[in-house]
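Listing of coords_3.pdb, PDB, C-alpha atoms, pLDDT in the B column
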```
ATOM      1  CA  MET A   1     -10.510  11.362  -0.797  1.00 44.00           C
ATOM      2  CA  GLY A   2      -9.482   9.074  -3.684  1.00 58.00           C
ATOM      3  CA  CYS A   3     -11.996   7.037  -5.661  1.00 75.00           C
ATOM      4  CA  ALA A   4     -10.460   3.745  -4.514  1.00 79.00           C
ATOM      5  CA  ARG A   5     -10.620   4.848  -0.888  1.00 84.00           C
ATOM      6  CA  GLU A   6     -14.293   5.779  -1.330  1.00 87.00           C
ATOM      7  CA  ALA A   7     -15.048   2.421  -2.957  1.00 87.00           C
ATOM      8  CA  ILE A   8     -13.357   0.512  -0.114  1.00 91.00           C
ATOM      9  CA  GLN A   9     -15.193   2.570   2.508  1.00 90.00           C
ATOM     10  CA  GLU A  10     -18.547   2.094   0.783  1.00 90.00           C
ATOM     11  CA  ALA A  11     -18.034  -1.672   0.685  1.00 90.00           C
ATOM     12  CA  LEU A  12     -17.035  -1.851   4.357  1.00 92.00           C
ATOM     13  CA  GLU A  13     -19.926   0.375   5.451  1.00 91.00           C
ATOM     14  CA  ASN A  14     -22.331  -2.106   3.825  1.00 89.00           C
ATOM     15  CA  LEU A  15     -21.213  -4.816   6.249  1.00 89.00           C
ATOM     16  CA  THR A  16     -23.090  -5.590   9.443  1.00 90.00           C
ATOM     17  CA  ALA A  17     -21.122  -5.501  12.707  1.00 90.00           C
ATOM     18  CA  ASP A  18     -20.733  -9.286  12.600  1.00 90.00           C
ATOM     19  CA  GLU A  19     -19.630  -9.242   8.946  1.00 91.00           C
ATOM     20  CA  LEU A  20     -17.110  -6.473   9.669  1.00 93.00           C
ATOM     21  CA  LYS A  21     -15.689  -8.588  12.512  1.00 93.00           C
ATOM     22  CA  ARG A  22     -15.395 -11.599  10.164  1.00 93.00           C
ATOM     23  CA  PHE A  23     -13.729  -9.342   7.578  1.00 94.00           C
ATOM     24  CA  LYS A  24     -11.108  -8.208  10.093  1.00 94.00           C
ATOM     25  CA  MET A  25     -10.417 -11.767  11.272  1.00 93.00           C
ATOM     26  CA  LYS A  26      -9.969 -12.973   7.683  1.00 93.00           C
ATOM     27  CA  LEU A  27      -7.732  -9.991   6.907  1.00 93.00           C
ATOM     28  CA  LEU A  28      -5.344 -11.283   9.581  1.00 92.00           C
ATOM     29  CA  SER A  29      -4.764 -14.514   7.636  1.00 90.00           C
ATOM     30  CA  VAL A  30      -5.226 -13.723   3.947  1.00 89.00           C
ATOM     31  CA  PRO A  31      -2.022 -14.135   1.868  1.00 89.00           C
ATOM     32  CA  LEU A  32      -0.367 -10.793   1.040  1.00 86.00           C
ATOM     33  CA  HIS A  33       1.776  -9.720  -1.895  1.00 84.00           C
ATOM     34  CA  GLU A  34       5.521  -9.683  -1.266  1.00 80.00           C
ATOM     35  CA  GLY A  35       6.760  -6.621   0.597  1.00 79.00           C
ATOM     36  CA  TYR A  36       3.519  -5.922   2.446  1.00 82.00           C
ATOM     37  CA  GLY A  37       3.041  -6.474   6.163  1.00 85.00           C
ATOM     38  CA  ARG A  38      -0.058  -7.155   8.226  1.00 89.00           C
ATOM     39  CA  ILE A  39      -2.008  -4.550  10.113  1.00 90.00           C
ATOM     40  CA  PRO A  40      -1.354  -5.406  13.786  1.00 90.00           C
ATOM     41  CA  ARG A  41      -4.202  -7.423  15.326  1.00 90.00           C
ATOM     42  CA  GLY A  42      -4.615  -5.103  18.321  1.00 90.00           C
ATOM     43  CA  THR A  43      -4.993  -2.103  16.036  1.00 89.00           C
ATOM     44  CA  LEU A  44      -7.195  -3.864  13.494  1.00 91.00           C
ATOM     45  CA  LEU A  45      -9.869  -5.282  15.788  1.00 91.00           C
ATOM     46  CA  SER A  46     -10.892  -1.916  17.246  1.00 92.00           C
ATOM     47  CA  LEU A  47     -11.362  -0.105  13.908  1.00 92.00           C
ATOM     48  CA  ASP A  48     -14.720   0.954  12.473  1.00 93.00           C
ATOM     49  CA  ALA A  49     -15.345   0.972   8.688  1.00 91.00           C
ATOM     50  CA  MET A  50     -13.943   4.476   8.135  1.00 91.00           C
ATOM     51  CA  ASP A  51     -10.795   3.926  10.206  1.00 92.00           C
ATOM     52  CA  LEU A  52     -10.298   0.485   8.658  1.00 93.00           C
ATOM     53  CA  THR A  53     -10.448   2.092   5.205  1.00 91.00           C
ATOM     54  CA  ASP A  54      -7.754   4.576   6.224  1.00 89.00           C
ATOM     55  CA  LYS A  55      -5.601   1.776   7.642  1.00 90.00           C
ATOM     56  CA  LEU A  56      -5.996  -0.389   4.508  1.00 91.00           C
ATOM     57  CA  VAL A  57      -4.972   2.503   2.258  1.00 87.00           C
ATOM     58  CA  SER A  58      -2.019   3.516   4.442  1.00 85.00           C
ATOM     59  CA  PHE A  59      -0.707  -0.063   4.675  1.00 86.00           C
ATOM     60  CA  TYR A  60      -1.438  -1.280   1.141  1.00 87.00           C
ATOM     61  CA  LEU A  61      -2.001   1.854  -1.003  1.00 86.00           C
ATOM     62  CA  GLU A  62      -5.321   2.414  -2.723  1.00 84.00           C
ATOM     63  CA  GLU A  63      -5.210  -0.064  -5.594  1.00 86.00           C
ATOM     64  CA  TYR A  64      -3.826  -3.050  -3.686  1.00 87.00           C
ATOM     65  CA  GLY A  65      -5.986  -2.108  -0.678  1.00 89.00           C
ATOM     66  CA  ALA A  66      -9.075  -2.350  -2.905  1.00 89.00           C
ATOM     67  CA  GLU A  67      -7.914  -5.646  -4.407  1.00 90.00           C
ATOM     68  CA  LEU A  68      -7.237  -7.061  -0.935  1.00 92.00           C
ATOM     69  CA  THR A  69     -10.603  -5.812   0.350  1.00 93.00           C
ATOM     70  CA  ALA A  70     -12.399  -7.514  -2.552  1.00 91.00           C
ATOM     71  CA  THR A  71     -10.501 -10.764  -1.925  1.00 91.00           C
ATOM     72  CA  VAL A  72     -11.378 -10.790   1.780  1.00 92.00           C
ATOM     73  CA  LEU A  73     -15.014  -9.942   1.028  1.00 92.00           C
ATOM     74  CA  ARG A  74     -15.172 -12.881  -1.380  1.00 90.00           C
ATOM     75  CA  ASP A  75     -13.528 -15.176   1.163  1.00 89.00           C
ATOM     76  CA  ILE A  76     -16.111 -14.335   3.843  1.00 90.00           C
ATOM     77  CA  GLY A  77     -18.993 -15.015   1.460  1.00 88.00           C
ATOM     78  CA  MET A  78     -19.773 -11.433   0.425  1.00 87.00           C
ATOM     79  CA  GLN A  79     -19.399 -12.098  -3.302  1.00 86.00           C
ATOM     80  CA  GLU A  80     -21.828  -9.388  -4.402  1.00 86.00           C
ATOM     81  CA  LEU A  81     -19.949  -6.656  -2.513  1.00 85.00           C
ATOM     82  CA  ALA A  82     -16.609  -8.024  -3.756  1.00 86.00           C
ATOM     83  CA  LEU A  83     -17.821  -8.004  -7.348  1.00 86.00           C
ATOM     84  CA  ARG A  84     -19.214  -4.472  -7.031  1.00 84.00           C
ATOM     85  CA  LEU A  85     -15.897  -3.235  -5.584  1.00 85.00           C
ATOM     86  CA  ARG A  86     -13.948  -4.912  -8.380  1.00 83.00           C
ATOM     87  CA  GLU A  87     -16.226  -3.402 -11.009  1.00 82.00           C
ATOM     88  CA  VAL A  88     -15.812   0.073  -9.514  1.00 77.00           C
ATOM     89  CA  MET A  89     -12.037  -0.347  -9.318  1.00 75.00           C
ATOM     90  CA  GLY A  90     -11.862  -1.489 -12.936  1.00 72.00           C
ATOM     91  CA  GLN A  91     -13.679   1.689 -13.970  1.00 58.00           C
ATOM     92  CA  VAL A  92     -11.654   3.954 -11.653  1.00 49.00           C
ATOM     93  CA  THR A  93      -8.176   2.817 -12.596  1.00 46.00           C
ATOM     94  CA  GLY A  94      -8.775   1.845 -16.202  1.00 47.00           C
ATOM     95  CA  GLN A  95      -6.234  -0.904 -15.651  1.00 45.00           C
ATOM     96  CA  ALA A  96      -6.504  -4.662 -15.846  1.00 42.00           C
ATOM     97  CA  HIS A  97      -6.638  -6.619 -12.653  1.00 43.00           C
ATOM     98  CA  ALA A  98      -6.414 -10.281 -11.800  1.00 45.00           C
ATOM     99  CA  TRP A  99     -10.232 -10.455 -11.706  1.00 42.00           C
ATOM    100  CA  MET A 100     -10.684  -9.110 -15.259  1.00 42.00           C
ATOM    101  CA  PRO A 101     -11.367 -11.522 -18.094  1.00 42.00           C
ATOM    102  CA  ALA A 102      -8.621 -11.724 -20.721  1.00 42.00           C
ATOM    103  CA  HIS A 103     -10.759 -10.191 -23.501  1.00 43.00           C
ATOM    104  CA  LEU A 104     -11.337  -7.069 -21.362  1.00 40.00           C
ATOM    105  CA  PHE A 105      -7.656  -6.883 -20.492  1.00 39.00           C
ATOM    106  CA  ALA A 106      -6.653  -6.851 -24.159  1.00 43.00           C
ATOM    107  CA  SER A 107      -8.980  -3.931 -24.949  1.00 42.00           C
ATOM    108  CA  LEU A 108      -7.645  -1.615 -22.230  1.00 41.00           C
ATOM    109  CA  PRO A 109      -5.100   1.121 -22.936  1.00 43.00           C
ATOM    110  CA  PRO A 110      -1.607   0.520 -21.522  1.00 44.00           C
ATOM    111  CA  SER A 111      -1.251   1.598 -17.913  1.00 42.00           C
ATOM    112  CA  PRO A 112       1.226   4.350 -17.057  1.00 50.00           C
ATOM    113  CA  ALA A 113       4.614   3.200 -15.833  1.00 67.00           C
ATOM    114  CA  LEU A 114       5.070   2.949 -12.088  1.00 78.00           C
ATOM    115  CA  HIS A 115       7.545   5.266 -10.421  1.00 87.00           C
ATOM    116  CA  PHE A 116      10.874   3.616  -9.556  1.00 90.00           C
ATOM    117  CA  ILE A 117       9.985   3.828  -5.845  1.00 89.00           C
ATOM    118  CA  ASP A 118       6.667   2.010  -6.341  1.00 83.00           C
ATOM    119  CA  GLN A 119       8.116  -0.493  -8.797  1.00 85.00           C
ATOM    120  CA  HIS A 120      10.943  -1.560  -6.458  1.00 89.00           C
ATOM    121  CA  ARG A 121       9.153  -1.177  -3.096  1.00 87.00           C
ATOM    122  CA  ALA A 122       9.853  -4.698  -1.825  1.00 87.00           C
ATOM    123  CA  ALA A 123      13.525  -4.631  -2.863  1.00 88.00           C
ATOM    124  CA  LEU A 124      14.061  -1.219  -1.286  1.00 92.00           C
ATOM    125  CA  ILE A 125      12.494  -2.356   1.992  1.00 89.00           C
ATOM    126  CA  SER A 126      14.793  -5.353   2.183  1.00 88.00           C
ATOM    127  CA  ARG A 127      18.025  -3.923   0.699  1.00 92.00           C
ATOM    128  CA  VAL A 128      18.484  -0.298   1.795  1.00 93.00           C
ATOM    129  CA  THR A 129      21.169  -0.189   4.491  1.00 92.00           C
ATOM    130  CA  ASP A 130      21.640   3.548   5.075  1.00 91.00           C
ATOM    131  CA  VAL A 131      18.097   4.467   6.058  1.00 94.00           C
ATOM    132  CA  ASN A 132      19.209   7.283   8.368  1.00 94.00           C
ATOM    133  CA  GLY A 133      20.962   9.046   5.487  1.00 93.00           C
ATOM    134  CA  VAL A 134      17.810   8.789   3.402  1.00 94.00           C
ATOM    135  CA  LEU A 135      15.719  10.135   6.293  1.00 95.00           C
ATOM    136  CA  ASP A 136      18.039  13.100   6.747  1.00 94.00           C
ATOM    137  CA  ALA A 137      17.673  13.969   3.062  1.00 93.00           C
ATOM    138  CA  LEU A 138      13.864  13.793   3.293  1.00 93.00           C
ATOM    139  CA  HIS A 139      13.496  15.566   6.643  1.00 92.00           C
ATOM    140  CA  SER A 140      11.427  18.771   6.320  1.00 87.00           C
ATOM    141  CA  ARG A 141      11.232  18.328   2.543  1.00 88.00           C
ATOM    142  CA  VAL A 142       9.002  15.244   2.411  1.00 88.00           C
ATOM    143  CA  LEU A 143       8.713  14.056   6.012  1.00 90.00           C
ATOM    144  CA  THR A 144       7.313  16.035   8.910  1.00 89.00           C
ATOM    145  CA  GLU A 145       9.212  16.023  12.193  1.00 92.00           C
ATOM    146  CA  GLU A 146       6.735  13.502  13.609  1.00 90.00           C
ATOM    147  CA  GLN A 147       7.106  11.164  10.606  1.00 91.00           C
ATOM    148  CA  TYR A 148      10.893  11.507  10.708  1.00 94.00           C
ATOM    149  CA  GLN A 149      10.989  10.568  14.411  1.00 94.00           C
ATOM    150  CA  ALA A 150       8.543   7.676  13.909  1.00 92.00           C
ATOM    151  CA  VAL A 151      10.763   6.129  11.238  1.00 94.00           C
ATOM    152  CA  ARG A 152      13.960   6.739  13.244  1.00 95.00           C
ATOM    153  CA  ALA A 153      12.387   4.972  16.244  1.00 95.00           C
ATOM    154  CA  GLU A 154      12.089   1.672  14.386  1.00 93.00           C
ATOM    155  CA  PRO A 155      14.729  -0.871  15.474  1.00 94.00           C
ATOM    156  CA  THR A 156      15.978  -2.225  12.112  1.00 94.00           C
ATOM    157  CA  ASN A 157      16.608  -0.882   8.609  1.00 92.00           C
ATOM    158  CA  HIS A 158      13.913  -3.222   7.298  1.00 90.00           C
ATOM    159  CA  THR A 159      11.244  -1.868   9.676  1.00 92.00           C
ATOM    160  CA  LYS A 160      12.426   1.711   9.129  1.00 93.00           C
ATOM    161  CA  MET A 161      11.924   1.348   5.377  1.00 93.00           C
ATOM    162  CA  ARG A 162       8.524  -0.276   5.875  1.00 90.00           C
ATOM    163  CA  LYS A 163       7.507   2.633   8.139  1.00 91.00           C
ATOM    164  CA  LEU A 164       8.845   5.134   5.586  1.00 92.00           C
ATOM    165  CA  PHE A 165       6.743   3.480   2.866  1.00 88.00           C
ATOM    166  CA  SER A 166       3.661   3.708   5.089  1.00 86.00           C
ATOM    167  CA  PHE A 167       3.717   7.466   4.396  1.00 85.00           C
ATOM    168  CA  ALA A 168       4.083   7.037   0.619  1.00 83.00           C
ATOM    169  CA  PRO A 169       0.351   7.043  -0.266  1.00 76.00           C
ATOM    170  CA  ALA A 170       0.309  10.781   0.487  1.00 78.00           C
ATOM    171  CA  TRP A 171       3.335  11.531  -1.721  1.00 82.00           C
ATOM    172  CA  ASN A 172       3.222  12.987  -5.188  1.00 84.00           C
ATOM    173  CA  THR A 173       5.807  12.327  -7.909  1.00 86.00           C
ATOM    174  CA  ALA A 174       8.076  15.138  -6.650  1.00 88.00           C
ATOM    175  CA  CYS A 175       8.277  13.511  -3.206  1.00 88.00           C
ATOM    176  CA  LYS A 176       9.103  10.141  -4.773  1.00 90.00           C
ATOM    177  CA  ASP A 177      11.743  11.830  -6.929  1.00 91.00           C
ATOM    178  CA  LEU A 178      13.356  13.255  -3.767  1.00 93.00           C
ATOM    179  CA  LEU A 179      13.441   9.778  -2.210  1.00 94.00           C
ATOM    180  CA  LEU A 180      14.985   8.382  -5.389  1.00 94.00           C
ATOM    181  CA  GLN A 181      17.633  11.118  -5.401  1.00 95.00           C
ATOM    182  CA  ALA A 182      18.447  10.421  -1.740  1.00 94.00           C
ATOM    183  CA  LEU A 183      18.867   6.739  -2.604  1.00 95.00           C
ATOM    184  CA  LYS A 184      21.070   7.575  -5.621  1.00 94.00           C
ATOM    185  CA  ASP A 185      23.241   9.797  -3.419  1.00 94.00           C
ATOM    186  CA  GLY A 186      23.550   7.327  -0.553  1.00 92.00           C
ATOM    187  CA  GLN A 187      23.350   3.942  -2.265  1.00 93.00           C
ATOM    188  CA  PRO A 188      24.178   4.409  -5.956  1.00 93.00           C
ATOM    189  CA  TYR A 189      25.089   0.761  -6.556  1.00 93.00           C
ATOM    190  CA  LEU A 190      21.777  -0.487  -5.200  1.00 92.00           C
ATOM    191  CA  VAL A 191      19.829   1.943  -7.395  1.00 93.00           C
ATOM    192  CA  ALA A 192      21.907   1.000 -10.451  1.00 93.00           C
ATOM    193  CA  ASP A 193      21.278  -2.701  -9.757  1.00 92.00           C
ATOM    194  CA  LEU A 194      17.525  -2.151  -9.450  1.00 90.00           C
ATOM    195  CA  GLU A 195      17.430  -0.035 -12.611  1.00 90.00           C
ATOM    196  CA  ARG A 196      18.978  -2.943 -14.525  1.00 89.00           C
ATOM    197  CA  SER A 197      16.433  -5.454 -13.185  1.00 79.00           C
TER     198      SER A 197
END
```
Conversion result in structure tokens:
Amino acid sequence: MGCAREAIQEALENLTADELKRFKMKLLSVPLHEGYGRIPRGTLLSLDAMDLTDKLVSFYLEEYGAELTATVLRDIGMQELALRLREVMGQVTGQAHAWMPAHLFASLPPSPALHFIDQHRAALISRVTDVNGVLDALHSRVLTEEQYQAVRAEPTNHTKMRKLFSFAPAWNTACKDLLLQALKDGQPYLVADLERS
């Protein structure tokens, strides 16, 4: 289990049942970064702290999931828990966040560059048109049969890409490299355009 996942889970497990319910209701309306979707209400409301942690990480990845968790905690009046989570995340990632004062930000070492796939997530979700070709290239190499079928079952390219990215938190750099190669093979002009941006 990753450190961010543990920090999110610890924060959520410190909530009472009523506070956890308020957290989930606020999570349904909090503004999200571009390219991220909401956890469906029907799924969200039945989750306990551990399952909610898993869902947050699978939908938003660990770092943004922790940032979002801290924001929602603050919004429901749990400032102490939000601050503790932000402090832990600042120590875990060693990167500056929106909640860090400028003088701390300046003293941190530069963060490692994001992989192309992570850097251009939102653009890839909205612009990839040959998702089936990408899926075929990833089948059995990155995606299990179940994951492959789950993505194929989505009705539009946009939702297929979003579903594909829902599996990305479990990928290492080699898996992301395979996705990038599949995109270069199937949509070279899109990749070239994103590399220039």
(Q) Applying 9 Å and all atoms listed in the file, which residues near range 130-139 of chain A remain after dropping the ones on its own chain fewer than 2 positions away? List them as an NGL selection string. (A) :A and (128 or 141-145 or 147-148 or 151-152 or 157-158 or 160-161 or 164 or 175 or 178-179 or 181-183 or 185-187)
**Q.** Non-local contacts of Leu20 in chain A (10 Å; only C-alpha atoms; under 6 positions in same chain excluded) as a VMD selection string
**A.** chain A and resid 12 to 14 26 45 47 to 49 52 73 76
Those same residues - C-alpha atoms - I'd like them written as a compact mmCIF listing (two decimals), keeping the file's coordinate frame.
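Output saved as selection.txt:
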```
# COMPACT_ATOMS: atom_id res chain seq x y z
CA LEU A 12 -17.04 -1.85 4.36
CA GLU A 13 -19.93 0.38 5.45
CA ASN A 14 -22.33 -2.11 3.82
CA LYS A 26 -9.97 -12.97 7.68
CA LEU A 45 -9.87 -5.28 15.79
CA LEU A 47 -11.36 -0.10 13.91
CA ASP A 48 -14.72 0.95 12.47
CA ALA A 49 -15.34 0.97 8.69
CA LEU A 52 -10.30 0.48 8.66
CA LEU A 73 -15.01 -9.94 1.03
CA ILE A 76 -16.11 -14.34 3.84
```
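Atom pair CA of Leu28 in chain A / CA of Ala153 in chain A: separated by 25.0 Å.
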Q.
Here is a test: counting all atoms listed in the file, which residue of A:Asp177, A:Ser126, A:Thr69, A:Pro40 is nearest to Thr159 in chain A?
A.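 Answer, going by the shortest atom-to-atom distance: A:Ser126.
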Once 5 Å is added on each side, what are the centre and the three edge lengths, in Å to one decimal, of the axis-aligned box enclosing the listed atoms of range 12-28 of chain A? Present them as JSON.
```
{"center_x": -14.2, "center_y": -6.3, "center_z": 8.3, "size_x": 27.7, "size_y": 23.3, "size_z": 18.9}
```
(Q) Evaluate the PyMOL selection byres ((chain A and resi 79-83) around 12) against this structure - the residues, as an NGL selection string, please. (A) :A and (7-15 or 19 or 23 or 66-78 or 84-90 or 99-100)
Q | Close residues, Phe59 in chain A itself excluded, 12 Å, all atoms listed in the file, min 5 positions apart in chain, as a ChimeraX atom specification | A | /A:32-33,35-40,44,52-54,64-66,68,162-170
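Straight-line separation from CA of Thr156 in chain A to CA of Arg121 in chain A: 16.7 Å.
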Q: Just give me the gap between CA of Thr43 in chain A and CA of Lys55 in chain A in Å, one decimal is fine.
A: 9.3 Å
Q | Pick from A:Leu124, A:Ala174, A:Leu114, A:Ala150, whichever lies nearest to Asp193 in chain A using all atoms listed in the file | A | A:Leu124
